[in-house]
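S.K.: First the structure, which I've put down as structure tokens, then a few questions once you've had a look.
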Amino acid sequence: MSTETTGLGTPEDLTDAERGAVEAELRPLADGEFVLAERYTEWQVRAPTLESDLAISNIAQDELGHARLWYDLLEDFGYTEAALIWEANPEDFQHPTLVELPLGEGDWADAIVRGYLYDTYENLHLRALEGTSYPWIADRVGKVLAEEDYHTQHARNWLSRLCEDDPGRERVRKALDRLFPYALTLFAETEHEAAIVDMGIRTESLADMREEWLGVVVPHLDSLGLSVPVSEDGEVLVDLPDQVGTDGSHTEHWPELFEEFTHTYRELELGEPPRLLEDPDEV
Amino acid sequence: MIWEVFRQEQRGKYHTHCGNVHAPDKEMALMFAQIQHGRRRPTHSLWVTPREEIGEVDAEETSFGGTTDKSYRWAMTFNTDEDFAAEIAASQREQEAAERERAERGDDAEGGGGNAEGGAEEGESA
């Protein structure tokens, strides 16, 4: 592992390679937070109790805030929010496909399992960014981490309670079986992976993070009476889905979700600012 | 199950009742209370307690007292002559002026060789 971390410069100072690597690190992170929040908000006003509704809405709001922190760093490179999100093409998004899958209808266990798998990953990812060589990322990690502790606690609390009886555990098991292969997309590398680690933008490789993640998730789920498709010696027994997201490939559910959350933007014609006067040249 | 929530704004202050949450157990109650009662206002600590564990006795069951006028016990209702504050201030000014004069004379006596500030401090502590 590279120990030499010479700090990268300001956004304008970066070489093309450095900038490419920073963007490749940030884009999946920003999109991941954004799209997960979109899915969470589907539970808003529908969660099992008023309290759980407020909690999940609050988590969604946190994730949107985190997405904004990361998008904001991409905007330093000259992108606008509109270009990154509202006027982007669906295939520009690089979130891991775990977060775009539709939530099972009325299936609270799905939201909880997804949150658990994602938040455990996010925690590891953020810790691997604490010592980043890009100071602008370092500034933001602490703020995000502070909120992530609550998310992990939320997911764990719910998981253990859902698994207290057989019908509950059965629902969790179904959600887990469906989501687990997609959770592996959280660690899908981009072509910039080697550069990201070499330049110290992230201090740990996705491959190492995946091992660590399995080391946390597998025993925990096991302790709740849930089986995970991982062998005794830690080998994952399911294949990575065809669409991993970080390379721009997405499931058939993605265009629909994208269409939905950009609907208002298009309907209000926000892409074309209203003009009070006609252009005199056109009169 | 209903849990009553008590919020403490700063360390050392009282926890005051701020509402309640529905939750199956203490851990979940604390988790929900954080969102509902700890996010909008400065909060140092939250307590949750099952509503049924709270004991209550009310005015219909007992007479609590506190209804007779005992304001004569509060020293703030005594009349005082407010001139004494001016006298104290005048005396204070007088002492300060005398102190300064002493310090100046002390400097002269030392023939200007000593540290003026050090001399003044010694004078005060004596």
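Please note that chains go A, B, ... in the order of the structure tokens, that every chain numbers its residues from 1, and that ligands are numbered from 1 in the order shown.
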Restrict the calculation to only C-alpha atoms, then for each residue of segment 31-97 of chain A with any atom at most 8 Å from an atom of segment 134-152 of chain A give the closest atom pair and their distance in Å to one decimal, rows by chain and rising residue number, as CSV.

M.R.:
```
residue,atom,partner,partner_atom,distance
A:Ile59,CA,A:His151,CA,6.7
A:Asp62,CA,A:Glu147,CA,7.2
A:His66,CA,A:Val144,CA,6.4
A:Leu69,CA,A:Arg140,CA,7.1
A:Trp70,CA,A:Ile137,CA,8.0
A:Leu73,CA,A:Trp136,CA,7.3
```

S.K.: Within 8 Å of chain A, which residues of chain B show up when using only C-alpha atoms, listed as a PDB file with C-alpha atoms, in the first residue's frame?

M.R.:
```pdb
ATOM      1  CA  VAL B  21     -42.298   8.816  21.123  1.00  0.00           C
ATOM      2  CA  HIS B  22     -43.859   5.446  20.330  1.00  0.00           C
ATOM      3  CA  ALA B  23     -41.267   2.672  20.435  1.00  0.00           C
ATOM      4  CA  GLU B  27     -33.044   1.487  22.473  1.00  0.00           C
ATOM      5  CA  MET B  28     -35.540   2.293  19.719  1.00  0.00           C
ATOM      6  CA  MET B  31     -33.099   6.351  18.493  1.00  0.00           C
ATOM      7  CA  PHE B  32     -36.410   7.990  17.566  1.00  0.00           C
ATOM      8  CA  ILE B  35     -34.579  12.698  15.522  1.00  0.00           C
ATOM      9  CA  GLN B  36     -37.739  14.124  17.003  1.00  0.00           C
TER      10      GLN B  36
END
```

S.K.: Quick one: everything within 6 Å of segment 34-48 of chain A, counting only C-alpha atoms, minus sequence neighbours fewer than 5 positions away in the same chain. Send it as number ranges by chain.

M.R.: A: 53, 57, 60, 63-64, 67, 99

S.K.: Would you save the residues from that selection as a tab-separated table (two decimals), in the first residue's frame, using C-alpha atoms?

M.R.:
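New file result-v2.tsv:
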```tsv
chain	number	residue	atom	x	y	z
A	53	ASP	CA	-41.22	7.60	9.06
A	57	SER	CA	-37.00	10.67	6.01
A	60	ALA	CA	-32.83	10.35	3.27
A	63	GLU	CA	-27.89	11.30	2.25
A	64	LEU	CA	-29.05	14.12	-0.02
A	67	ALA	CA	-24.56	13.91	-2.16
A	99	VAL	CA	-29.23	1.66	-4.66
```

S.K.: I'd like to know which residues of segment 20-67 of chain B are helix (DSSP H, G or I) (by DSSP, run on the backbone); could you write them as a PyMOL selection string?

M.R.: chain B and resi 26-37+51-53

S.K.: What is the atom CA of Glu94 of chain B-atom CA of Gly106 of chain B distance in Å, reported with one decimal?

M.R.: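 Computed distance, atom CA of Glu94 of chain B to atom CA of Gly106 of chain B, equals 18.4 Å.
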
S.K.: Using only C-alpha atoms, which protein or nucleic acid residues come within 9 Å of segment 167-170 of chain A? Drop anything in the same chain fewer than 5 positions from it, and give the result as number ranges by chain.

M.R.: A: 109, 159, 161-162, 175, 224-226

S.K.: Find the spatial neighbours of Gln243 of chain A, counting only C-alpha atoms, within a cut-off of 10 Å - ignore same-chain residues fewer than 5 positions away - and output them as a list of chain:residue names.

M.R.: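 My list of contacting residues is A:Pro96, A:Thr97, A:Leu98, A:Tyr182, A:Thr185, A:Gly248, A:Ser249, A:His250, A:Thr251, A:Glu252.
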
S.K.: Please indicate the distance in Å from atom CA of Val238 of chain A to atom CA of Pro181 of chain A, rounded to one decimal place.

M.R.: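 So the two atoms, atom CA of Val238 of chain A and atom CA of Pro181 of chain A, lie 6.3 Å apart.
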
S.K.: Which residues are near Ala207 of chain A? Cut-off 9 Å, only C-alpha atoms, ignore same chain within fewer than 4 positions. Put them as a PyMOL selection string.

M.R.: chain A and resi 187-189+211-212

S.K.: List the neighbours of segment 82-95 of chain A out to 6 Å using only C-alpha atoms; skip same-chain residues closer than 4 positions along the sequence, and give me the result as a list in words.

M.R.: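 These residues fall inside the cut-off: Pro28, Asp31, Gly32, Gly245, Thr246, Gly248 and Thr262 of chain A.
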
S.K.: So how many Å separate atom CA of Phe261 of chain A and atom CA of Arg171 of chain A, to one decimal?

M.R.: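 Taking atom CA of Phe261 of chain A as the start and atom CA of Arg171 of chain A as the end point, the length is 28.3 Å.
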